[in-house]
file run35.cif (mmCIF, C-alpha atoms)
data_my_file
#
loop_
_atom_site.group_PDB
_atom_site.id
_atom_site.type_symbol
_atom_site.label_atom_id
_atom_site.label_comp_id
_atom_site.auth_asym_id
_atom_site.auth_seq_id
_atom_site.Cartn_x
_atom_site.Cartn_y
_atom_site.Cartn_z
ATOM 1 C CA MET A 1 0.000 0.000 0.000
ATOM 2 C CA ASN A 2 1.206 3.547 -0.795
ATOM 3 C CA ILE A 3 0.709 6.210 1.858
ATOM 4 C CA PRO A 4 0.775 9.782 0.467
ATOM 5 C CA ILE A 5 2.839 12.306 2.412
ATOM 6 C CA GLU A 6 2.430 15.318 0.137
ATOM 7 C CA ASP A 7 2.007 15.881 -3.586
ATOM 8 C CA GLY A 8 4.352 13.497 -5.377
ATOM 9 C CA TYR A 9 5.856 11.894 -2.254
ATOM 10 C CA TYR A 10 5.103 8.410 -0.973
ATOM 11 C CA ILE A 11 6.236 5.879 1.592
ATOM 12 C CA LEU A 12 6.020 2.129 1.170
ATOM 13 C CA ASN A 13 4.217 0.425 4.066
ATOM 14 C CA CYS A 14 5.716 2.829 6.569
ATOM 15 C CA SER A 15 4.137 2.865 10.014
ATOM 16 C CA SER A 16 3.849 6.055 12.042
ATOM 17 C CA ASP A 17 6.783 5.275 14.344
ATOM 18 C CA ILE A 18 9.304 4.941 11.485
ATOM 19 C CA ILE A 19 11.287 7.911 10.176
ATOM 20 C CA CYS A 20 10.642 7.914 6.460
ATOM 21 C CA PHE A 21 13.044 10.501 5.091
ATOM 22 C CA LEU A 22 14.871 7.739 3.282
ATOM 23 C CA ILE A 23 12.127 5.924 1.448
ATOM 24 C CA LEU A 24 11.203 7.763 -1.756
ATOM 25 C CA MET A 25 11.939 10.855 -3.811
ATOM 26 C CA LYS A 26 9.595 12.899 -5.947
ATOM 27 C CA HIS A 27 8.916 11.665 -9.505
ATOM 28 C CA ASP A 28 11.110 8.563 -9.069
ATOM 29 C CA LYS A 29 8.849 6.118 -10.897
ATOM 30 C CA SER A 30 11.188 3.154 -10.509
ATOM 31 C CA VAL A 31 10.982 3.448 -6.728
ATOM 32 C CA ARG A 32 7.342 4.490 -6.496
ATOM 33 C CA ARG A 33 6.164 1.513 -8.529
ATOM 34 C CA THR A 34 4.448 -1.217 -6.536
ATOM 35 C CA PHE A 35 3.736 -4.785 -7.592
ATOM 36 C CA GLU A 36 0.077 -5.542 -8.267
ATOM 37 C CA ARG A 37 0.715 -9.237 -7.742
ATOM 38 C CA GLU A 38 3.351 -11.004 -5.675
ATOM 39 C CA SER A 39 4.198 -13.081 -8.735
ATOM 40 C CA ASP A 40 5.507 -9.901 -10.424
ATOM 41 C CA ALA A 41 8.511 -9.900 -8.084
ATOM 42 C CA THR A 42 11.471 -12.246 -8.191
ATOM 43 C CA VAL A 43 11.435 -12.348 -4.412
ATOM 44 C CA ILE A 44 9.549 -10.533 -1.660
ATOM 45 C CA TYR A 45 11.116 -9.913 1.741
ATOM 46 C CA ASP A 46 9.331 -8.789 4.847
ATOM 47 C CA LYS A 47 11.865 -6.002 5.394
ATOM 48 C CA ALA A 48 14.703 -4.764 3.212
ATOM 49 C CA VAL A 49 17.129 -1.871 3.284
ATOM 50 C CA ILE A 50 18.740 -0.720 0.041
ATOM 51 C CA TYR A 51 22.451 0.140 -0.221
ATOM 52 C CA THR A 52 22.793 -0.257 -3.986
ATOM 53 C CA PHE A 53 25.587 2.284 -4.428
ATOM 54 C CA PRO A 54 27.745 1.467 -7.516
ATOM 55 C CA ASP A 55 30.628 -0.853 -6.548
ATOM 56 C CA GLY A 56 29.531 -0.757 -2.911
ATOM 57 C CA TRP A 57 30.998 -4.260 -2.526
ATOM 58 C CA SER A 58 34.498 -2.727 -2.867
ATOM 59 C CA PHE A 59 36.422 -1.173 0.021
ATOM 60 C CA GLN A 60 36.851 2.213 -1.655
ATOM 61 C CA HIS A 61 33.246 2.693 -2.718
ATOM 62 C CA PHE A 62 31.779 1.229 0.433
ATOM 63 C CA LEU A 63 33.554 4.028 2.326
ATOM 64 C CA ASP A 64 32.727 6.866 -0.068
ATOM 65 C CA GLY A 65 29.273 5.662 -1.097
ATOM 66 C CA ILE A 66 27.585 3.558 1.569
ATOM 67 C CA GLY A 67 29.475 4.657 4.686
ATOM 68 C CA PRO A 68 28.178 8.260 4.893
ATOM 69 C CA LYS A 69 24.592 6.955 4.746
ATOM 70 C CA LEU A 70 25.042 3.933 6.950
ATOM 71 C CA PHE A 71 25.272 5.533 10.384
ATOM 72 C CA HIS A 72 21.902 7.257 10.115
ATOM 73 C CA SER A 73 20.169 4.092 8.965
ATOM 74 C CA SER A 74 22.096 1.524 11.027
ATOM 75 C CA SER A 75 19.562 1.811 13.858
ATOM 76 C CA TYR A 76 17.069 0.017 11.604
ATOM 77 C CA LEU A 77 19.506 -2.847 11.170
ATOM 78 C CA ASP A 78 19.375 -3.263 14.952
ATOM 79 C CA LYS A 79 15.666 -2.563 15.312
ATOM 80 C CA TYR A 80 14.786 -5.115 12.638
ATOM 81 C CA PRO A 81 17.383 -7.909 12.922
ATOM 82 C CA ASP A 82 15.679 -9.863 10.139
ATOM 83 C CA THR A 83 16.043 -7.005 7.636
ATOM 84 C CA LYS A 84 17.770 -7.977 4.402
ATOM 85 C CA VAL A 85 20.574 -5.712 3.192
ATOM 86 C CA ILE A 86 20.534 -5.228 -0.586
ATOM 87 C CA ILE A 87 23.858 -4.466 -2.323
ATOM 88 C CA ILE A 88 24.902 -4.729 -5.963
ATOM 89 C CA ARG A 89 26.331 -8.072 -7.050
ATOM 90 C CA ASP A 90 29.819 -8.317 -8.534
ATOM 91 C CA SER A 91 32.478 -10.954 -9.076
ATOM 92 C CA ARG A 92 34.056 -10.150 -5.720
ATOM 93 C CA PHE A 93 33.092 -8.926 -2.253
ATOM 94 C CA ASP A 94 36.031 -7.309 -0.459
ATOM 95 C CA ARG A 95 36.941 -8.978 2.821
ATOM 96 C CA SER A 96 37.251 -5.672 4.669
ATOM 97 C CA VAL A 97 33.709 -4.718 3.632
ATOM 98 C CA LYS A 98 32.369 -8.066 4.857
ATOM 99 C CA GLU A 99 34.100 -7.492 8.171
ATOM 100 C CA ILE A 100 32.596 -4.023 8.646
ATOM 101 C CA TRP A 101 29.119 -5.370 7.891
ATOM 102 C CA SER A 102 29.743 -8.211 10.331
ATOM 103 C CA MET A 103 30.804 -5.804 13.097
ATOM 104 C CA LEU A 104 27.498 -4.017 12.506
ATOM 105 C CA GLY A 105 25.679 -7.288 13.092
ATOM 106 C CA VAL A 106 24.969 -8.002 9.429
ATOM 107 C CA ASP A 107 26.142 -11.491 8.524
ATOM 108 C CA GLU A 108 26.635 -12.144 4.825
ATOM 109 C CA SER A 109 25.118 -15.623 4.802
ATOM 110 C CA SER A 110 21.841 -14.658 6.459
ATOM 111 C CA ARG A 111 21.215 -10.982 5.716
ATOM 112 C CA ILE A 112 23.136 -9.678 2.692
ATOM 113 C CA ILE A 113 21.468 -10.032 -0.688
ATOM 114 C CA HIS A 114 23.700 -9.532 -3.752
ATOM 115 C CA TYR A 115 21.418 -7.817 -6.236
ATOM 116 C CA PRO A 116 21.756 -8.557 -9.994
ATOM 117 C CA PRO A 117 20.251 -6.096 -12.512
ATOM 118 C CA ASN A 118 17.487 -8.464 -13.641
ATOM 119 C CA MET A 119 16.197 -9.135 -10.131
ATOM 120 C CA LYS A 120 12.867 -7.590 -9.046
ATOM 121 C CA ILE A 121 12.863 -7.245 -5.293
ATOM 122 C CA GLY A 122 9.742 -6.546 -3.283
ATOM 123 C CA ALA A 123 9.488 -5.739 0.426
ATOM 124 C CA ARG A 124 6.648 -5.074 2.811
ATOM 125 C CA LEU A 125 8.870 -2.535 4.528
ATOM 126 C CA LEU A 126 11.379 -0.904 2.181
ATOM 127 C CA ILE A 127 14.021 1.433 3.626
ATOM 128 C CA ASN A 128 16.134 3.340 1.098
ATOM 129 C CA PRO A 129 18.979 5.377 2.661
ATOM 130 C CA CYS A 130 20.641 5.571 -0.754
ATOM 131 C CA ARG A 131 18.222 8.439 -1.406
ATOM 132 C CA THR A 132 20.195 10.493 1.124
ATOM 133 C CA ALA A 133 22.716 12.801 -0.575
ATOM 134 C CA ARG A 134 26.186 12.107 0.852
ATOM 135 C CA ILE A 135 27.438 15.687 0.720
ATOM 136 C CA HIS A 136 27.042 16.934 4.287
ATOM 137 C CA PRO A 137 30.072 16.763 6.629
ATOM 138 C CA ARG A 138 27.840 15.462 9.435
ATOM 139 C CA LEU A 139 27.288 12.212 7.548
ATOM 140 C CA TRP A 140 31.030 11.659 7.112
ATOM 141 C CA HIS A 141 31.949 12.498 10.706
ATOM 142 C CA ASP A 142 29.202 10.254 12.050
ATOM 143 C CA ALA A 143 30.435 7.443 9.795
ATOM 144 C CA CYS A 144 33.915 7.883 11.315
ATOM 145 C CA GLU A 145 32.446 7.708 14.794
ATOM 146 C CA MET A 146 30.664 4.514 13.786
ATOM 147 C CA TYR A 147 33.880 2.856 12.525
ATOM 148 C CA TRP A 148 35.716 3.875 15.709
ATOM 149 C CA SER A 149 32.877 2.727 17.943
ATOM 150 C CA ILE A 150 32.585 -0.773 16.458
ATOM 151 C CA SER A 151 36.387 -1.040 16.851
ATOM 152 C CA ASN A 152 36.191 0.085 20.520
ATOM 153 C CA LEU A 153 38.216 3.223 19.834
ATOM 154 C CA SER A 154 35.838 6.128 20.411
ATOM 155 C CA LYS A 155 36.431 6.249 24.176
ATOM 156 C CA THR A 156 40.105 5.389 24.243
ATOM 157 C CA PHE A 157 41.648 8.326 22.404
ATOM 158 C CA ASP A 158 45.016 9.482 23.666
ATOM 159 C CA ALA A 159 46.600 12.345 21.693
ATOM 160 C CA ARG A 160 50.049 10.950 22.518
ATOM 161 C CA ASN A 161 49.281 7.874 20.405
ATOM 162 C CA ARG A 162 48.548 9.959 17.314
ATOM 163 C CA LYS A 163 52.065 9.753 15.931
ATOM 164 C CA ASN A 164 51.689 7.516 12.914
ATOM 165 C CA PHE A 165 53.159 8.718 9.630
ATOM 166 C CA ILE A 166 51.666 6.264 7.144
ATOM 167 C CA TYR A 167 53.100 5.870 3.660
ATOM 168 C CA ILE A 168 50.636 3.913 1.508
ATOM 169 C CA GLN A 169 52.922 2.027 -0.824
ATOM 170 C CA ARG A 170 51.841 1.284 -4.384
ATOM 171 C CA THR A 171 53.632 -1.577 -6.131
ATOM 172 C CA SER A 172 53.242 -3.589 -9.307
ATOM 173 C CA ARG A 173 51.871 -6.433 -7.164
ATOM 174 C CA ASN A 174 49.255 -4.559 -5.160
ATOM 175 C CA ALA A 175 48.004 -2.058 -7.786
ATOM 176 C CA MET A 176 44.807 -3.414 -9.302
ATOM 177 C CA ASN A 177 44.807 -0.844 -12.116
ATOM 178 C CA GLY A 178 48.554 -0.832 -12.788
ATOM 179 C CA ALA A 179 50.844 2.174 -13.379
ATOM 180 C CA ARG A 180 51.289 5.158 -11.016
ATOM 181 C CA LEU A 181 54.425 3.611 -9.532
ATOM 182 C CA ILE A 182 57.152 5.772 -7.966
ATOM 183 C CA LEU A 183 60.338 4.838 -9.816
ATOM 184 C CA ASN A 184 62.732 6.593 -7.410
ATOM 185 C CA GLU A 185 60.968 5.211 -4.360
ATOM 186 C CA HIS A 186 64.089 4.392 -2.294
ATOM 187 C CA PRO A 187 65.363 7.993 -1.921
ATOM 188 C CA PHE A 188 61.746 9.110 -1.504
ATOM 189 C CA ILE A 189 61.301 6.723 1.433
ATOM 190 C CA ASP A 190 64.592 7.943 2.909
ATOM 191 C CA LEU A 191 63.139 11.460 2.997
ATOM 192 C CA LEU A 192 60.005 10.187 4.732
ATOM 193 C CA LYS A 193 62.026 8.349 7.367
ATOM 194 C CA GLU A 194 64.238 11.387 7.935
ATOM 195 C CA PHE A 195 61.168 13.569 8.457
ATOM 196 C CA CYS A 196 59.716 11.070 10.946
ATOM 197 C CA LEU A 197 62.968 10.870 12.889
ATOM 198 C CA LYS A 198 63.154 14.667 13.231
ATOM 199 C CA ASN A 199 59.534 14.931 14.354
ATOM 200 C CA SER A 200 59.319 11.872 16.647
ATOM 201 C CA LEU A 201 56.830 10.123 14.396
ATOM 202 C CA ASN A 202 56.271 6.428 13.772
ATOM 203 C CA TYR A 203 57.089 5.666 10.135
ATOM 204 C CA ILE A 204 54.704 2.994 8.843
ATOM 205 C CA GLN A 205 54.882 1.592 5.328
ATOM 206 C CA TYR A 206 51.475 0.171 4.517
ATOM 207 C CA ASP A 207 50.871 -2.400 1.770
ATOM 208 C CA HIS A 208 47.235 -3.501 1.765
ATOM 209 C CA SER A 209 48.052 -6.715 -0.122
ATOM 210 C CA LYS A 210 50.121 -7.879 2.856
ATOM 211 C CA ASP A 211 47.530 -6.949 5.454
ATOM 212 C CA SER A 212 45.773 -10.111 6.613
ATOM 213 C CA ASN A 213 44.539 -8.619 9.889
ATOM 214 C CA HIS A 214 40.909 -7.953 10.668
ATOM 215 C CA ILE A 215 39.699 -4.530 9.505
ATOM 216 C CA LYS A 216 39.455 -3.284 13.105
ATOM 217 C CA HIS A 217 43.285 -3.283 13.299
ATOM 218 C CA ARG A 218 43.497 -1.099 10.197
ATOM 219 C CA ILE A 219 40.868 1.250 11.591
ATOM 220 C CA GLU A 220 43.007 1.654 14.721
ATOM 221 C CA LEU A 221 46.166 2.157 12.634
ATOM 222 C CA PHE A 222 44.680 5.041 10.660
ATOM 223 C CA TYR A 223 42.782 6.367 13.685
ATOM 224 C CA ASN A 224 46.181 7.103 15.219
ATOM 225 C CA ALA A 225 47.574 8.660 12.030
ATOM 226 C CA LYS A 226 48.905 12.192 12.041
ATOM 227 C CA TYR A 227 50.072 12.103 8.408
ATOM 228 C CA ILE A 228 48.936 9.914 5.503
ATOM 229 C CA ILE A 229 50.741 10.025 2.167
ATOM 230 C CA GLY A 230 50.365 8.009 -1.004
ATOM 231 C CA VAL A 231 49.806 7.991 -4.731
ATOM 232 C CA HIS A 232 46.179 8.486 -5.796
ATOM 233 C CA SER A 233 44.473 5.127 -5.239
ATOM 234 C CA GLY A 234 41.576 3.472 -3.486
ATOM 235 C CA THR A 235 43.797 2.620 -0.519
ATOM 236 C CA LEU A 236 43.930 6.320 0.381
ATOM 237 C CA SER A 237 40.270 5.869 1.298
ATOM 238 C CA ASN A 238 41.597 4.669 4.650
ATOM 239 C CA MET A 239 41.552 8.395 5.492
ATOM 240 C CA ASN A 240 37.920 7.716 6.450
ATOM 241 C CA PHE A 241 39.255 6.052 9.614
ATOM 242 C CA ALA A 242 41.504 9.007 10.489
ATOM 243 C CA GLN A 243 40.622 11.900 12.737
ATOM 244 C CA SER A 244 39.987 15.548 11.958
ATOM 245 C CA LYS A 245 43.146 17.589 11.363
ATOM 246 C CA THR A 246 45.022 14.576 9.977
ATOM 247 C CA THR A 247 47.296 15.735 7.147
ATOM 248 C CA ILE A 248 46.677 14.001 3.817
ATOM 249 C CA ILE A 249 49.277 14.225 1.022
ATOM 250 C CA GLU A 250 48.032 12.848 -2.286
ATOM 251 C CA ILE A 251 50.599 12.285 -5.019
ATOM 252 C CA MET A 252 48.601 12.875 -8.181
ATOM 253 C CA SER A 253 49.758 11.749 -11.604
ATOM 254 C CA LEU A 254 49.503 14.272 -14.426
ATOM 255 C CA PRO A 255 47.569 14.777 -16.590
ATOM 256 C CA MET A 256 44.480 14.707 -14.336
ATOM 257 C CA THR A 257 42.084 14.439 -17.273
ATOM 258 C CA CYS A 258 40.915 11.524 -19.358
ATOM 259 C CA SER A 259 38.539 10.784 -22.214
ATOM 260 C CA MET A 260 35.807 8.360 -21.242
ATOM 261 C CA PHE A 261 33.969 8.028 -24.568
ATOM 262 C CA TYR A 262 35.277 10.491 -27.145
ATOM 263 C CA PRO A 263 38.987 11.372 -27.699
ATOM 264 C CA ALA A 264 38.294 15.109 -27.761
ATOM 265 C CA ASP A 265 36.045 15.030 -24.701
ATOM 266 C CA LEU A 266 38.598 15.550 -21.915
ATOM 267 C CA LYS A 267 37.252 15.898 -18.396
ATOM 268 C CA ALA A 268 38.528 15.770 -14.834
ATOM 269 C CA CYS A 269 39.084 12.079 -14.138
ATOM 270 C CA ALA A 270 38.614 11.104 -10.470
ATOM 271 C CA GLY A 271 41.226 13.705 -9.629
ATOM 272 C CA TYR A 272 39.448 15.452 -6.808
ATOM 273 C CA SER A 273 37.429 12.744 -5.094
ATOM 274 C CA LEU A 274 39.885 12.265 -2.228
ATOM 275 C CA TYR A 275 40.299 16.012 -1.803
ATOM 276 C CA THR A 276 36.525 16.310 -1.414
ATOM 277 C CA GLN A 277 36.475 13.540 1.172
ATOM 278 C CA SER A 278 39.285 15.135 3.161
ATOM 279 C CA GLN A 279 37.378 18.422 3.341
ATOM 280 C CA LEU A 280 34.192 16.703 4.453
ATOM 281 C CA LEU A 281 36.273 14.974 7.146
ATOM 282 C CA ASN A 282 37.887 18.274 8.242
ATOM 283 C CA GLN A 283 41.362 17.055 7.347
ATOM 284 C CA THR A 284 44.311 19.031 5.993
ATOM 285 C CA TYR A 285 44.943 18.200 2.343
ATOM 286 C CA TRP A 286 47.977 18.696 0.099
ATOM 287 C CA ILE A 287 48.193 17.613 -3.521
ATOM 288 C CA LEU A 288 51.532 16.885 -5.161
ATOM 289 C CA PRO A 289 51.012 16.799 -8.965
ATOM 290 C CA THR A 290 53.662 14.690 -10.695
ATOM 291 C CA VAL A 291 54.129 14.083 -14.423
ATOM 292 C CA VAL A 292 54.132 10.436 -15.497
ATOM 293 C CA ASN A 293 56.091 8.734 -18.268
ATOM 294 C CA ASP A 294 54.664 6.772 -21.203
ATOM 295 C CA GLN A 295 54.008 3.805 -18.928
ATOM 296 C CA GLY A 296 52.102 5.943 -16.442
ATOM 297 C CA ASN A 297 54.849 5.818 -13.775
ATOM 298 C CA MET A 298 56.660 8.723 -12.140
ATOM 299 C CA ASN A 299 59.913 10.037 -10.744
ATOM 300 C CA MET A 300 59.325 12.208 -7.705
ATOM 301 C CA ASN A 301 60.870 15.658 -7.653
ATOM 302 C CA LEU A 302 62.659 15.182 -4.339
ATOM 303 C CA ASN A 303 63.695 18.825 -3.923
ATOM 304 C CA ARG A 304 60.120 19.977 -4.340
ATOM 305 C CA PHE A 305 58.983 17.302 -1.921
ATOM 306 C CA LYS A 306 61.495 18.511 0.671
ATOM 307 C CA ILE A 307 59.921 21.969 0.459
ATOM 308 C CA LEU A 308 56.478 20.460 1.036
ATOM 309 C CA LEU A 309 57.708 18.588 4.112
ATOM 310 C CA GLN A 310 59.019 21.862 5.510
ATOM 311 C CA LYS A 311 55.599 23.455 5.094
ATOM 312 C CA ILE A 312 53.594 20.776 6.837
#

call {"tool": "encode", "arguments": {"input": "run35.cif", "output": "structure tokens"}}
result
Amino acid sequence: MNIPIEDGYYILNCSSDIICFLILMKHDKSVRRTFERESDATVIYDKAVIYTFPDGWSFQHFLDGIGPKLFHSSSYLDKYPDTKVIIIRDSRFDRSVKEIWSMLGVDESSRIIHYPPNMKIGARLLINPCRTARIHPRLWHDACEMYWSISNLSKTFDARNRKNFIYIQRTSRNAMNGARLILNEHPFIDLLKEFCLKNSLNYIQYDHSKDSNHIKHRIELFYNAKYIIGVHSGTLSNMNFAQSKTTIIEIMSLPMTCSMFYPADLKACAGYSLYTQSQLLNQTYWILPTVVNDQGNMNMNLNRFKILLQKI
């Protein structure tokens, strides 16, 4: 049954004690449509919550797509422990994402539904937090608090522990998309270690492909970060576990444009997504543009990098 709220707005089977800001949007026919017969649906659940953000099964896009919406809807996951969680199906489901869902009480085998495009899902109670725009800093800060809380960190903060200088290392073995490798990495790392020694910081070289620990250990690692540096990549999304005022240094390969469909149609290509996240998280952000060679790899300008280290 559809319950009208105002002209053009509807809720699906939403009782009076449920906050319904996240159910439907005006003129969205695909969401407003109801099934006349149960046989029209592939499957009908009693309760379902939709987190069908593109690539939400991946670590990077779980954090930048689902995470900011999850805190404000997670209470329903507790209130209705039989609620099914709908995410988009893909060939893989990142372990770290599974572990975060599990810490929130959502077990993959019993509650997560991997949604293929041809599936028609019905629900007697449909909750759709993906209708919430993820552009307000409050959503991002509350998501951080959620990650810290489920890792038992929110009440244990000690400023003296916030001394981690984390270099996110990109190698030919751990880079899923290839390229963007630092060719003069050894002298670059020497500069990082020298900076850490002078400033009493813990130098940590992080390679996600070698990290077999539970995600809660990584959350704690980046929670205690004071500086995070790395080449533009999904692994920099770990900044979502770091605190406000953490300094982020993103090494960005040039050019920062690409042509998605037509050779002459050059547009900004994912170049500013991490900058945007850092600002929403109230973090300090520096970008270090670096020209790449024909293979897409780079030699760092070490003198210029020394100047940047002096400024931070």

call {"tool": "resolve_selection", "arguments": {"input": "run35.cif", "expression": "the PyMOL selection byres ((chain A and resi 164) around 8)", "output": "PyMOL selection string"}}
result
chain A and resi 161-163+165-166+201-204+221-222+224-227

call {"tool": "atom_distance", "arguments": {"input": "run35.cif", "atom1": "CA of Lys79 in chain A", "atom2": "CA of Met146 in chain A"}}
result
16.7 Å

call {"tool": "resolve_selection", "arguments": {"input": "run35.cif", "expression": "the PyMOL selection byres ((chain A and resi 285-298) around 12)", "output": "PyMOL selection string"}}
result
chain A and resi 170-172+177-185+188+227-232+239+244-256+271-284+299-302+304-309+311-312

call {"tool": "write_last_selection", "arguments": {"input": "run35.cif", "atoms": "C-alpha atoms", "output": "mmCIF file, in the frame of the given file"}}
result
data_model
loop_
_atom_site.group_PDB
_atom_site.id
_atom_site.type_symbol
_atom_site.label_atom_id
_atom_site.label_comp_id
_atom_site.auth_asym_id
_atom_site.auth_seq_id
_atom_site.Cartn_x
_atom_site.Cartn_y
_atom_site.Cartn_z
ATOM 1 C CA ARG A 170 51.841 1.284 -4.384
ATOM 2 C CA THR A 171 53.632 -1.577 -6.131
ATOM 3 C CA SER A 172 53.242 -3.589 -9.307
ATOM 4 C CA ASN A 177 44.807 -0.844 -12.116
ATOM 5 C CA GLY A 178 48.554 -0.832 -12.788
ATOM 6 C CA ALA A 179 50.844 2.174 -13.379
ATOM 7 C CA ARG A 180 51.289 5.158 -11.016
ATOM 8 C CA LEU A 181 54.425 3.611 -9.532
ATOM 9 C CA ILE A 182 57.152 5.772 -7.966
ATOM 10 C CA LEU A 183 60.338 4.838 -9.816
ATOM 11 C CA ASN A 184 62.732 6.593 -7.410
ATOM 12 C CA GLU A 185 60.968 5.211 -4.360
ATOM 13 C CA PHE A 188 61.746 9.110 -1.504
ATOM 14 C CA TYR A 227 50.072 12.103 8.408
ATOM 15 C CA ILE A 228 48.936 9.914 5.503
ATOM 16 C CA ILE A 229 50.741 10.025 2.167
ATOM 17 C CA GLY A 230 50.365 8.009 -1.004
ATOM 18 C CA VAL A 231 49.806 7.991 -4.731
ATOM 19 C CA HIS A 232 46.179 8.486 -5.796
ATOM 20 C CA MET A 239 41.552 8.395 5.492
ATOM 21 C CA SER A 244 39.987 15.548 11.958
ATOM 22 C CA LYS A 245 43.146 17.589 11.363
ATOM 23 C CA THR A 246 45.022 14.576 9.977
ATOM 24 C CA THR A 247 47.296 15.735 7.147
ATOM 25 C CA ILE A 248 46.677 14.001 3.817
ATOM 26 C CA ILE A 249 49.277 14.225 1.022
ATOM 27 C CA GLU A 250 48.032 12.848 -2.286
ATOM 28 C CA ILE A 251 50.599 12.285 -5.019
ATOM 29 C CA MET A 252 48.601 12.875 -8.181
ATOM 30 C CA SER A 253 49.758 11.749 -11.604
ATOM 31 C CA LEU A 254 49.503 14.272 -14.426
ATOM 32 C CA PRO A 255 47.569 14.777 -16.590
ATOM 33 C CA MET A 256 44.480 14.707 -14.336
ATOM 34 C CA GLY A 271 41.226 13.705 -9.629
ATOM 35 C CA TYR A 272 39.448 15.452 -6.808
ATOM 36 C CA SER A 273 37.429 12.744 -5.094
ATOM 37 C CA LEU A 274 39.885 12.265 -2.228
ATOM 38 C CA TYR A 275 40.299 16.012 -1.803
ATOM 39 C CA THR A 276 36.525 16.310 -1.414
ATOM 40 C CA GLN A 277 36.475 13.540 1.172
ATOM 41 C CA SER A 278 39.285 15.135 3.161
ATOM 42 C CA GLN A 279 37.378 18.422 3.341
ATOM 43 C CA LEU A 280 34.192 16.703 4.453
ATOM 44 C CA LEU A 281 36.273 14.974 7.146
ATOM 45 C CA ASN A 282 37.887 18.274 8.242
ATOM 46 C CA GLN A 283 41.362 17.055 7.347
ATOM 47 C CA THR A 284 44.311 19.031 5.993
ATOM 48 C CA ASN A 299 59.913 10.037 -10.744
ATOM 49 C CA MET A 300 59.325 12.208 -7.705
ATOM 50 C CA ASN A 301 60.870 15.658 -7.653
ATOM 51 C CA LEU A 302 62.659 15.182 -4.339
ATOM 52 C CA ARG A 304 60.120 19.977 -4.340
ATOM 53 C CA PHE A 305 58.983 17.302 -1.921
ATOM 54 C CA LYS A 306 61.495 18.511 0.671
ATOM 55 C CA ILE A 307 59.921 21.969 0.459
ATOM 56 C CA LEU A 308 56.478 20.460 1.036
ATOM 57 C CA LEU A 309 57.708 18.588 4.112
ATOM 58 C CA LYS A 311 55.599 23.455 5.094
ATOM 59 C CA ILE A 312 53.594 20.776 6.837
#

call {"tool": "closest_residue", "arguments": {"input": "run35.cif", "among": "A:Arg138, A:His72, A:Arg37, A:Lys216", "to": "Leu153 in chain A", "atoms": "all atoms listed in the file"}}
result
A:Lys216

call {"tool": "closest_atom_pairs", "arguments": {"input": "run35.cif", "of": "range 163-226 of chain A", "to": "range 89-109 of chain A", "cutoff": "12 Å", "atoms": "all atoms listed in the file", "output": "Markdown table"}}
result
| residue | atom | partner | partner_atom | distance |
| --- | --- | --- | --- | --- |
| A:His208 | CA | A:Ser96 | CA | 10.6 |
| A:Ser209 | CA | A:Arg95 | CA | 11.7 |
| A:Asp211 | CA | A:Ser96 | CA | 10.4 |
| A:Ser212 | CA | A:Arg95 | CA | 9.7 |
| A:Asn213 | CA | A:Ser96 | CA | 9.4 |
| A:His214 | CA | A:Glu99 | CA | 7.3 |
| A:Ile215 | CA | A:Ser96 | CA | 5.5 |
| A:Lys216 | CA | A:Ile100 | CA | 8.2 |
| A:His217 | CA | A:Ser96 | CA | 10.8 |
| A:Arg218 | CA | A:Ser96 | CA | 9.5 |
| A:Ile219 | CA | A:Ile100 | CA | 10.2 |

call {"tool": "closest_residue", "arguments": {"input": "run35.cif", "among": "A:Lys198, A:Lys84, A:His136, A:His141", "to": "Ile113 in chain A", "atoms": "all atoms listed in the file"}}
result
A:Lys84

call {"tool": "axis_aligned_box", "arguments": {"input": "run35.cif", "around": "range 221-233 of chain A", "padding_each_side": "4 Å", "output": "JSON"}}
result
{"center_x": 46.8, "center_y": 7.2, "center_z": 4.7, "size_x": 16.0, "size_y": 18.0, "size_z": 29.0}

call {"tool": "atom_distance", "arguments": {"input": "run35.cif", "atom1": "CA of Tyr51 in chain A", "atom2": "CA of Ile87 in chain A"}}
result
5.3 Å

call {"tool": "atom_distance", "arguments": {"input": "run35.cif", "atom1": "CA of Phe53 in chain A", "atom2": "CA of Tyr147 in chain A"}}
result
18.9 Å

call {"tool": "closest_residue", "arguments": {"input": "run35.cif", "among": "A:Gly122, A:Pro117, A:Pro129, A:Gly56", "to": "Ser73 in chain A", "atoms": "all atoms listed in the file"}}
result
A:Pro129

call {"tool": "residues_around", "arguments": {"input": "run35.cif", "residues": "Tyr223 in chain A", "least_positions_apart": "5", "cutoff": "7 Å", "atoms": "only C-alpha atoms", "output": "ChimeraX atom specification"}}
result
/A:241-243

call {"tool": "write_last_selection", "arguments": {"input": "run35.cif", "atoms": "C-alpha atoms", "output": "CSV table (one decimal), in the coordinates of the input"}}
result
chain,number,residue,atom,x,y,z
A,241,PHE,CA,39.3,6.1,9.6
A,242,ALA,CA,41.5,9.0,10.5
A,243,GLN,CA,40.6,11.9,12.7

call {"tool": "residues_near_point", "arguments": {"input": "run35.cif", "point": "(17.0, -4.9, 13.9)", "cutoff": "12 Å", "atoms": "only C-alpha atoms", "output": "compact mmCIF listing (two decimals) with C-alpha atoms, in the frame of the given file"}}
result
# COMPACT_ATOMS: atom_id res chain seq x y z
CA LYS A 47 11.86 -6.00 5.39
CA ALA A 48 14.70 -4.76 3.21
CA VAL A 49 17.13 -1.87 3.28
CA SER A 73 20.17 4.09 8.96
CA SER A 74 22.10 1.52 11.03
CA SER A 75 19.56 1.81 13.86
CA TYR A 76 17.07 0.02 11.60
CA LEU A 77 19.51 -2.85 11.17
CA ASP A 78 19.38 -3.26 14.95
CA LYS A 79 15.67 -2.56 15.31
CA TYR A 80 14.79 -5.12 12.64
CA PRO A 81 17.38 -7.91 12.92
CA ASP A 82 15.68 -9.86 10.14
CA THR A 83 16.04 -7.00 7.64
CA LYS A 84 17.77 -7.98 4.40
CA VAL A 85 20.57 -5.71 3.19
CA LEU A 104 27.50 -4.02 12.51
CA GLY A 105 25.68 -7.29 13.09
CA VAL A 106 24.97 -8.00 9.43
CA ARG A 111 21.22 -10.98 5.72
